[in-house]
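> I'd like to ask you about the structure that follows.
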Amino acid sequence: MRNLIFGLGLLMSFNLSAQQEFDNLDLSYYLPQDISYNENIPKPQDVLGYIPGEWHVSHDLLVSYMRILADASPRIAIEKRGNTYEGRPLILLTITSEENHQNLEEIRKNHVALTEDGSGSLNTEDMPIVVNQGFSIHGNEPSGSNAALLAAYYLAAAEGPEIEALLNNTIILFDPAFNPDGLQRFAYWANTNRSKNINTDPQDREYDEVWPGGRTNHYWFDMNRDWLPVQLAESKVRLETFHNWYPNILTDHHEMGSNSSFFFQPGIPERTHPLTPQLNQELTKEIGTYHAAAFDKIGSFYYTEENYDDFYYGKGSTFPDINGSVGILFEQGSSRGHAQETDNGILTFPFTIRNQFTAALSTLEAAQKMRVKLLNYQRNFYNNARKEADRGAYAFGNSKDASSAYHLAEILKRHKIEIHEVQEAFRKDGKTFEPGSSYIVPKNQRQQRLIKGMFERRTEFADSLFYDISAWSFPLAFNLDFTEDAALKNAGPEIEELQKPTVESPEQSNYAYLMDWHSYEAPKALNQILEKGLRTKVSMKPFEAEGRKFDYGTIMIPVQNQELDQSELHDFMREVSEASNISIFGVTTGLTRGMSLGSNNFRALEPQSVAMIVGEGITPYDAGEIWHLFDQRYDMILTKLDLKDFSGADLSRYTDIILPNSWGSALDDKDVEKLKTWTRSGGTLIGYRNAARWFDSNEFLDLEFKENELVAKDVPFELQRDFRGAQGIGGAIFEAKTDRSHPVNFGYKDDRIPLFRNTTYFIEAKEQSYNNPIQYTKEPLLSGYISKPNLDSIAGTIPFVHRDFGRGNVILFTDNTNFRAFWYGTNKLLMNAIFFGDEM
């Protein structure tokens, strides 16, 4: 009882302390008080109705304040660069002196010229430095965007020689919310669960947001992993701003666990990507001295050179490092609401905001005082890159799938990488590269280090732990033919404006239309055809028609016995061809070589109605990647079935149900039986990653796992986490051999496929070889880190399993075929499971 009373008393004390801070909150808590502020500049509370930190700012109010500031201050210009998926504006403030604003385009051109050949004549002594400050790319890490209110006010209203010098010498690209949709979602949660009397109990509902949380964007993506792939709407405008200016410093304001203090880079030195110059890390460390001094001044604790790394170039704090800039990650211990108890005492939302605001100002101080040093570093980075460049070129393409090659070329163009057409067909490394479906990338160009970072395969590392993935080779991700030793003589004209590969319009047929399944866009076209109610079949064998070869998976649409007449069908086929940019061929006879069009080896297809299980326990990233694939890429309807409503759902509406990776036991016993009944009745159940264990334990599949027992030898206690962490597969790429005659592999032209893997579920191959249509090779590692025990375990195992289950199917993928929306090369495996599951 005494302990209970003491605990209650302590809780009341905590709550009282937090309440007092909120009751007494004032701008003076945040702002430097040794300077004056322009009274004509609106304060945040004039627009919000409260002091920042009292409530979580919603995105609409954040934008309103930024627009009002821009109207009131000649130091600020504001632009709308686009919209999020939910229609929220993606704004950017450019903050500098009035004089610089009058000459801004000239300043920008001179700054970009530092990255170009002949930059030696530029005088960096007279040039402003460019700083890109970005806040809250994770929406439920809101102290960044709330600090942006204060930082913008300070830059607009502060007066005196110090701020004038800063603005004269600095161009600030100010993005107050990298993730508007996530920020809005989290602000709603925190505010609707806030009590008048601040409750610091970590078990309160306020500190446990509802699934999927505000971290992600609309499609549940972690946008801080998309700087390199650039697949999301928000990322595209972010990248355009970066390449329009090439900032010298880019800051990325985050939050971490509540029991932590404040982190700033550099991270763990030995976990820096080898392509990042050592000088980059030295500059990062020097900038860190300014952060340390600022935090010492206000008495806030911090740490550096721990936990985080600079390896994966797809993060906001690391992407600048391969582009001649310095990326800085800030991580603030999170209040996850308004105030809660932590190991360090009560952590309040205003305190987290003040730390982020302090880091924003210390960054600008470092930028101004290191201005010439950082400008010279940027110039030397690109000059050295050109000197290091090899001769020759890279080439990539796919003679059967021009669309996939085009989509990779899109990414390269977004990164301002020079690419060329292929002059005429050539062969290299056993691969054929043809005009119209292939591209040439010269090595000797400004972005050669970035290109190398995107294309390289790496299997040796200085460290065995990674904060993120260890491999992301884009030619492998897109499953393209690739060579890093192409001759420049094969290059045609440079591509200034990238155009989609052209396809011929289908000729009218009175017999049948044939659509090759190799194109990345083929599932979109097939769905459109089936949704129209047309009789459609898939070829189980290759054949030749009217001089053209057709592979496994060719789609046939007969002309006769359709709801559309001959002319209407032709018009529709032309519409499908244009919408999906895919070739469709009209044929005049069923007498073909290999098999006739009337053969039983053409199997009838039906429209698919697909659902995906989502909700508490399901990994939002995996679910979001699938949702995005259906909705954005293939224009297919995907029903999201929430776990809390699953028991009452009518499953008879769906032909396929997808179970993404989950955190734990996703479904109870009654739900399991419901799924079994549905599957036996003809449904196709598709599971990903740790669904393997769930399928096995619930008798959907009979799997034999290859276990890897770890025994630590000569590992001290302090390194036990590192020892176990090194046995995980954070993200690497492996080679599998494929049986191209199996429907899961329809549309792939080769008998080898690169697979992205971030699990350690190793499943033994089946006894019958035809039941192993995808199987890891004996030496499967293509790129990335894997421990020796796991590498031995993965060889020969299978990442795909299919089982007939009554009249239905159970399908398992141990690997993520849709990883971060840029793993184009394996998207079709899921589409094959959906459209051709009954033929497996």
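Residues in the structure tokens are numbered from 1 in each chain, the chains being A, B, ... in the order shown, and ligands are numbered from 1 in the order shown.
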To test your reading of the structure, identify every residue in range 120-185 of chain A that backbone DSSP assigns to strand (DSSP E), and report it as a JSON list (two decimals) with all heavy atoms, in the first residue's frame.

```json
[["chain", "number", "residue", "atom", "x", "y", "z"],
["A", 129, "ILE", "N", 25.61, 30.99, -48.83],
["A", 129, "ILE", "CA", 25.49, 29.55, -48.66],
["A", 129, "ILE", "C", 24.01, 29.20, -48.72],
["A", 129, "ILE", "O", 23.15, 30.03, -48.41],
["A", 129, "ILE", "CB", 26.12, 29.11, -47.32],
["A", 129, "ILE", "CG1", 26.25, 27.58, -47.27],
["A", 129, "ILE", "CG2", 25.33, 29.64, -46.12],
["A", 129, "ILE", "CD1", 27.08, 27.10, -46.09],
["A", 130, "VAL", "N", 23.71, 27.98, -49.13],
["A", 130, "VAL", "CA", 22.31, 27.54, -49.27],
["A", 130, "VAL", "C", 22.05, 26.42, -48.26],
["A", 130, "VAL", "O", 22.77, 25.41, -48.23],
["A", 130, "VAL", "CB", 22.02, 27.05, -50.70],
["A", 130, "VAL", "CG1", 20.56, 26.60, -50.82],
["A", 130, "VAL", "CG2", 22.32, 28.16, -51.71],
["A", 131, "VAL", "N", 21.01, 26.61, -47.45],
["A", 131, "VAL", "CA", 20.64, 25.64, -46.42],
["A", 131, "VAL", "C", 19.19, 25.22, -46.65],
["A", 131, "VAL", "O", 18.30, 26.06, -46.73],
["A", 131, "VAL", "CB", 20.80, 26.22, -45.00],
["A", 131, "VAL", "CG1", 20.40, 25.18, -43.96],
["A", 131, "VAL", "CG2", 22.23, 26.70, -44.77],
["A", 132, "ASN", "N", 18.97, 23.92, -46.76],
["A", 132, "ASN", "CA", 17.62, 23.37, -46.91],
["A", 132, "ASN", "C", 17.21, 22.79, -45.56],
["A", 132, "ASN", "O", 17.78, 21.80, -45.10],
["A", 132, "ASN", "CB", 17.64, 22.29, -47.99],
["A", 132, "ASN", "CG", 16.25, 21.83, -48.42],
["A", 132, "ASN", "OD1", 16.12, 21.12, -49.40],
["A", 132, "ASN", "ND2", 15.20, 22.21, -47.70],
["A", 133, "GLN", "N", 16.23, 23.41, -44.91],
["A", 133, "GLN", "CA", 15.76, 22.93, -43.61],
["A", 133, "GLN", "C", 14.40, 22.27, -43.78],
["A", 133, "GLN", "O", 13.44, 22.90, -44.24],
["A", 133, "GLN", "CB", 15.68, 24.09, -42.61],
["A", 133, "GLN", "CG", 17.05, 24.68, -42.30],
["A", 133, "GLN", "CD", 17.01, 25.70, -41.19],
["A", 133, "GLN", "OE1", 16.44, 26.78, -41.34],
["A", 133, "GLN", "NE2", 17.65, 25.39, -40.06],
["A", 134, "GLY", "N", 14.33, 20.99, -43.40],
["A", 134, "GLY", "CA", 13.09, 20.23, -43.55],
["A", 134, "GLY", "C", 12.64, 19.64, -42.24],
["A", 134, "GLY", "O", 13.46, 19.17, -41.44],
["A", 135, "PHE", "N", 11.32, 19.62, -42.02],
["A", 135, "PHE", "CA", 10.79, 19.25, -40.71],
["A", 135, "PHE", "C", 9.74, 18.14, -40.81],
["A", 135, "PHE", "O", 8.88, 18.15, -41.70],
["A", 135, "PHE", "CB", 10.16, 20.48, -40.04],
["A", 135, "PHE", "CG", 11.12, 21.63, -39.85],
["A", 135, "PHE", "CD1", 11.30, 22.58, -40.84],
["A", 135, "PHE", "CD2", 11.86, 21.73, -38.68],
["A", 135, "PHE", "CE1", 12.19, 23.64, -40.66],
["A", 135, "PHE", "CE2", 12.76, 22.78, -38.50],
["A", 135, "PHE", "CZ", 12.93, 23.74, -39.49],
["A", 158, "ALA", "N", 13.17, 38.75, -36.25],
["A", 158, "ALA", "CA", 14.36, 39.13, -35.47],
["A", 158, "ALA", "C", 15.04, 40.33, -36.11],
["A", 158, "ALA", "O", 15.09, 40.46, -37.34],
["A", 158, "ALA", "CB", 15.32, 37.95, -35.36],
["A", 159, "GLU", "N", 15.59, 41.22, -35.25],
["A", 159, "GLU", "CA", 16.23, 42.43, -35.74],
["A", 159, "GLU", "C", 17.64, 42.55, -35.16],
["A", 159, "GLU", "O", 17.95, 42.00, -34.11],
["A", 159, "GLU", "CB", 15.41, 43.66, -35.34],
["A", 159, "GLU", "CG", 14.04, 43.70, -36.00],
["A", 159, "GLU", "CD", 13.21, 44.90, -35.60],
["A", 159, "GLU", "OE1", 13.29, 45.31, -34.41],
["A", 159, "GLU", "OE2", 12.47, 45.43, -36.46],
["A", 170, "THR", "N", 23.06, 33.92, -46.44],
["A", 170, "THR", "CA", 22.41, 32.60, -46.46],
["A", 170, "THR", "C", 21.11, 32.64, -47.25],
["A", 170, "THR", "O", 20.30, 33.56, -47.10],
["A", 170, "THR", "CB", 22.09, 32.14, -45.02],
["A", 170, "THR", "OG1", 23.22, 32.34, -44.19],
["A", 170, "THR", "CG2", 21.72, 30.65, -45.00],
["A", 171, "ILE", "N", 20.92, 31.63, -48.08],
["A", 171, "ILE", "CA", 19.63, 31.36, -48.71],
["A", 171, "ILE", "C", 19.04, 30.16, -47.97],
["A", 171, "ILE", "O", 19.64, 29.07, -47.98],
["A", 171, "ILE", "CB", 19.76, 31.04, -50.21],
["A", 171, "ILE", "CG1", 20.58, 32.11, -50.94],
["A", 171, "ILE", "CG2", 18.38, 30.84, -50.84],
["A", 171, "ILE", "CD1", 19.94, 33.47, -50.97],
["A", 172, "ILE", "N", 17.89, 30.34, -47.34],
["A", 172, "ILE", "CA", 17.29, 29.26, -46.56],
["A", 172, "ILE", "C", 16.08, 28.73, -47.31],
["A", 172, "ILE", "O", 15.11, 29.46, -47.56],
["A", 172, "ILE", "CB", 16.86, 29.77, -45.17],
["A", 172, "ILE", "CG1", 18.06, 30.38, -44.44],
["A", 172, "ILE", "CG2", 16.26, 28.63, -44.34],
["A", 172, "ILE", "CD1", 17.68, 31.22, -43.25],
["A", 173, "LEU", "N", 16.14, 27.48, -47.71],
["A", 173, "LEU", "CA", 15.02, 26.78, -48.32],
["A", 173, "LEU", "C", 14.30, 26.06, -47.19],
["A", 173, "LEU", "O", 14.81, 25.08, -46.64],
["A", 173, "LEU", "CB", 15.52, 25.80, -49.39],
["A", 173, "LEU", "CG", 16.47, 26.38, -50.44],
["A", 173, "LEU", "CD1", 17.00, 25.28, -51.35],
["A", 173, "LEU", "CD2", 15.79, 27.48, -51.25],
["A", 174, "PHE", "N", 13.13, 26.53, -46.86],
["A", 174, "PHE", "CA", 12.47, 26.17, -45.60],
["A", 174, "PHE", "C", 11.20, 25.38, -45.89],
["A", 174, "PHE", "O", 10.23, 25.92, -46.43],
["A", 174, "PHE", "CB", 12.15, 27.47, -44.85],
["A", 174, "PHE", "CG", 11.77, 27.31, -43.41],
["A", 174, "PHE", "CD1", 12.73, 27.32, -42.42],
["A", 174, "PHE", "CD2", 10.43, 27.17, -43.05],
["A", 174, "PHE", "CE1", 12.37, 27.21, -41.08],
["A", 174, "PHE", "CE2", 10.06, 27.05, -41.72],
["A", 174, "PHE", "CZ", 11.03, 27.06, -40.73],
["A", 175, "ASP", "N", 11.23, 24.09, -45.56],
["A", 175, "ASP", "CA", 10.07, 23.22, -45.76],
["A", 175, "ASP", "C", 9.48, 22.88, -44.40],
["A", 175, "ASP", "O", 10.02, 22.04, -43.68],
["A", 175, "ASP", "CB", 10.49, 21.94, -46.49],
["A", 175, "ASP", "CG", 9.30, 21.13, -46.99],
["A", 175, "ASP", "OD1", 8.24, 21.19, -46.34],
["A", 175, "ASP", "OD2", 9.43, 20.45, -48.02]]
```
> Listing only residues of range 152-224 of chain A within 12 Å of range 814-820 of chain A, what is the closest atom pair and its distance in Å (to one decimal) for each, using only C-alpha atoms, sorted by chain and residue number ascending, as a tab-separated table?

```
residue	atom	partner	partner_atom	distance
A:Tyr219	CA	A:Arg820	CA	10.8
A:Trp220	CA	A:Arg820	CA	10.2
A:Phe221	CA	A:Arg820	CA	7.3
A:Asp222	CA	A:Arg820	CA	8.4
A:Met223	CA	A:Arg820	CA	9.3
A:Asn224	CA	A:Arg820	CA	10.8
```
> Report, in Å with one decimal, the straight-line distance from CA of Asn398 in chain A to CA of Pro780 in chain A.
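Separating CA of Asn398 in chain A from CA of Pro780 in chain A is a distance of 22.1 Å.
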> Can you pull out the residues contacting range 322-336 of chain A? Cut-off 6 Å, using only C-alpha atoms, and skip same-chain residues under 6 positions away; I want them as a list in words.
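My list of contacting residues is Tyr207, Asn248, Ile249, Leu250, Thr251, Asp252, His253, His254, Glu255, Met256, Gly257, Ser258, Ser260, Ser261, Phe262, Phe263, Phe264, Gln265, Leu347, Thr348, Phe349, Gln378, Phe381 and Leu450 of chain A.
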> Deliver the residues from the most recent selection as a file, using C-alpha atoms, as an mmCIF file, in the first residue's frame.

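Heads up, here's the output in result22.cif:
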```
data_model
loop_
_atom_site.group_PDB
_atom_site.id
_atom_site.type_symbol
_atom_site.label_atom_id
_atom_site.label_comp_id
_atom_site.auth_asym_id
_atom_site.auth_seq_id
_atom_site.Cartn_x
_atom_site.Cartn_y
_atom_site.Cartn_z
ATOM 1 C CA TYR A 207 0.394 8.285 -26.253
ATOM 2 C CA ASN A 248 25.218 22.953 -48.968
ATOM 3 C CA ILE A 249 23.442 21.666 -45.862
ATOM 4 C CA LEU A 250 20.181 19.750 -45.613
ATOM 5 C CA THR A 251 18.677 19.152 -42.187
ATOM 6 C CA ASP A 252 16.090 16.515 -41.357
ATOM 7 C CA HIS A 253 14.273 16.917 -38.009
ATOM 8 C CA HIS A 254 13.041 13.670 -36.426
ATOM 9 C CA GLU A 255 12.023 12.145 -33.102
ATOM 10 C CA MET A 256 13.022 8.901 -31.389
ATOM 11 C CA GLY A 257 12.115 6.968 -28.249
ATOM 12 C CA SER A 258 10.833 8.982 -25.308
ATOM 13 C CA SER A 260 16.320 9.332 -25.262
ATOM 14 C CA SER A 261 17.796 12.830 -25.259
ATOM 15 C CA PHE A 262 18.794 14.544 -28.540
ATOM 16 C CA PHE A 263 20.976 13.163 -31.331
ATOM 17 C CA PHE A 264 22.809 14.998 -34.069
ATOM 18 C CA GLN A 265 25.200 13.639 -36.659
ATOM 19 C CA LEU A 347 9.258 15.160 -21.194
ATOM 20 C CA THR A 348 6.981 17.906 -22.455
ATOM 21 C CA PHE A 349 6.041 18.798 -25.987
ATOM 22 C CA GLN A 378 30.815 21.384 -52.844
ATOM 23 C CA PHE A 381 33.284 17.322 -54.616
ATOM 24 C CA LEU A 450 25.439 9.181 -57.411
#
```
> Taking only C-alpha atoms into account, which of A:Ser73, A:Asn169, A:Asn15, A:Gln45 comes nearest Ile346 in chain A?
A:Asn15
> If we count only C-alpha atoms, what is near Ala293 in chain A at a cut-off of 12 Å, once residues fewer than 4 positions away on the same chain are taken out, given as a PyMOL selection string?
chain A and resi 286-289+297-302+358-359+361-363+365-366
> Pro754 in chain A: which residues within 7 Å, counting only C-alpha atoms, same-chain residues fewer than 5 positions away excluded, as a list in words?
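So, after excluding close chain neighbours, the residues are Leu476, Asn479, Ile733, Phe734, Glu735 and Ala736 of chain A.
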> With only C-alpha atoms as the counted atoms, please give the residues lying no more than 10 Å from Arg67 in chain A, apart from itself and same-chain residues fewer than 3 positions off, as a list in words.
Leu61, Leu62, Val63, Ser64, Ala70, Asp71, Ala72, Ile76, Ala77, Ile78, Glu79, Ile91 and Leu93 of chain A
> Output N, CA, C and O atoms of each residue in that selection to a file, as a PDB file, in the first residue's frame.

```
ATOM      1  N   LEU A  61      -3.333  24.968 -40.431  1.00  0.00           N
ATOM      2  CA  LEU A  61      -2.924  26.150 -39.676  1.00  0.00           C
ATOM      3  C   LEU A  61      -1.449  26.477 -39.895  1.00  0.00           C
ATOM      4  O   LEU A  61      -1.063  27.651 -39.956  1.00  0.00           O
ATOM      5  N   LEU A  62      -0.641  25.450 -40.007  1.00  0.00           N
ATOM      6  CA  LEU A  62       0.785  25.652 -40.292  1.00  0.00           C
ATOM      7  C   LEU A  62       0.968  26.409 -41.606  1.00  0.00           C
ATOM      8  O   LEU A  62       1.713  27.393 -41.683  1.00  0.00           O
ATOM      9  N   VAL A  63       0.264  25.965 -42.639  1.00  0.00           N
ATOM     10  CA  VAL A  63       0.369  26.611 -43.948  1.00  0.00           C
ATOM     11  C   VAL A  63      -0.190  28.031 -43.883  1.00  0.00           C
ATOM     12  O   VAL A  63       0.389  28.970 -44.459  1.00  0.00           O
ATOM     13  N   SER A  64      -1.298  28.205 -43.177  1.00  0.00           N
ATOM     14  CA  SER A  64      -1.882  29.548 -43.062  1.00  0.00           C
ATOM     15  C   SER A  64      -0.887  30.522 -42.439  1.00  0.00           C
ATOM     16  O   SER A  64      -0.728  31.664 -42.911  1.00  0.00           O
ATOM     17  N   ALA A  70       4.746  35.242 -45.069  1.00  0.00           N
ATOM     18  CA  ALA A  70       5.273  35.641 -46.371  1.00  0.00           C
ATOM     19  C   ALA A  70       4.666  36.963 -46.828  1.00  0.00           C
ATOM     20  O   ALA A  70       5.345  37.799 -47.447  1.00  0.00           O
ATOM     21  N   ASP A  71       3.403  37.173 -46.516  1.00  0.00           N
ATOM     22  CA  ASP A  71       2.758  38.449 -46.863  1.00  0.00           C
ATOM     23  C   ASP A  71       3.323  39.606 -46.044  1.00  0.00           C
ATOM     24  O   ASP A  71       3.430  40.741 -46.529  1.00  0.00           O
ATOM     25  N   ALA A  72       3.691  39.309 -44.792  1.00  0.00           N
ATOM     26  CA  ALA A  72       4.115  40.370 -43.878  1.00  0.00           C
ATOM     27  C   ALA A  72       5.597  40.689 -43.969  1.00  0.00           C
ATOM     28  O   ALA A  72       6.011  41.798 -43.616  1.00  0.00           O
ATOM     29  N   ILE A  76      10.711  36.803 -46.895  1.00  0.00           N
ATOM     30  CA  ILE A  76      10.154  35.471 -47.177  1.00  0.00           C
ATOM     31  C   ILE A  76       9.366  35.476 -48.481  1.00  0.00           C
ATOM     32  O   ILE A  76       8.505  36.336 -48.695  1.00  0.00           O
ATOM     33  N   ALA A  77       9.666  34.517 -49.330  1.00  0.00           N
ATOM     34  CA  ALA A  77       8.838  34.219 -50.501  1.00  0.00           C
ATOM     35  C   ALA A  77       8.308  32.806 -50.335  1.00  0.00           C
ATOM     36  O   ALA A  77       9.005  31.928 -49.813  1.00  0.00           O
ATOM     37  N   ILE A  78       7.081  32.574 -50.753  1.00  0.00           N
ATOM     38  CA  ILE A  78       6.470  31.257 -50.579  1.00  0.00           C
ATOM     39  C   ILE A  78       5.993  30.749 -51.919  1.00  0.00           C
ATOM     40  O   ILE A  78       5.543  31.516 -52.780  1.00  0.00           O
ATOM     41  N   GLU A  79       6.108  29.451 -52.126  1.00  0.00           N
ATOM     42  CA  GLU A  79       5.633  28.832 -53.369  1.00  0.00           C
ATOM     43  C   GLU A  79       4.968  27.501 -53.057  1.00  0.00           C
ATOM     44  O   GLU A  79       5.323  26.819 -52.098  1.00  0.00           O
ATOM     45  N   ILE A  91       4.421  23.199 -49.700  1.00  0.00           N
ATOM     46  CA  ILE A  91       4.916  24.567 -49.832  1.00  0.00           C
ATOM     47  C   ILE A  91       6.411  24.631 -49.528  1.00  0.00           C
ATOM     48  O   ILE A  91       6.976  23.744 -48.876  1.00  0.00           O
ATOM     49  N   LEU A  93       9.249  27.826 -48.368  1.00  0.00           N
ATOM     50  CA  LEU A  93       9.591  29.204 -48.101  1.00  0.00           C
ATOM     51  C   LEU A  93      11.055  29.421 -48.489  1.00  0.00           C
ATOM     52  O   LEU A  93      11.908  28.596 -48.136  1.00  0.00           O
TER      53      LEU A  93
END
```
> Pull the alpha helix (DSSP H) assignments for range 711-828 of chain A out of DSSP run on the backbone, and list those residues as a list in words.
Gln720, Arg721, Asp722, Phe723, Arg724, Gly725, Lys788, Pro789, Asn790, Leu791, Asp792, Ser793, Ile794, Asn827 and Lys828 of chain A
> Do you know which residues are at most 12 Å from range 426-440 of chain A counting only C-alpha atoms, after dropping those on the same chain fewer than 6 positions away, and could you put them as a VMD selection string?
chain A and resid 392 to 410 412 to 413 417 to 420 475 480 to 495 498 to 503 519 749 to 750
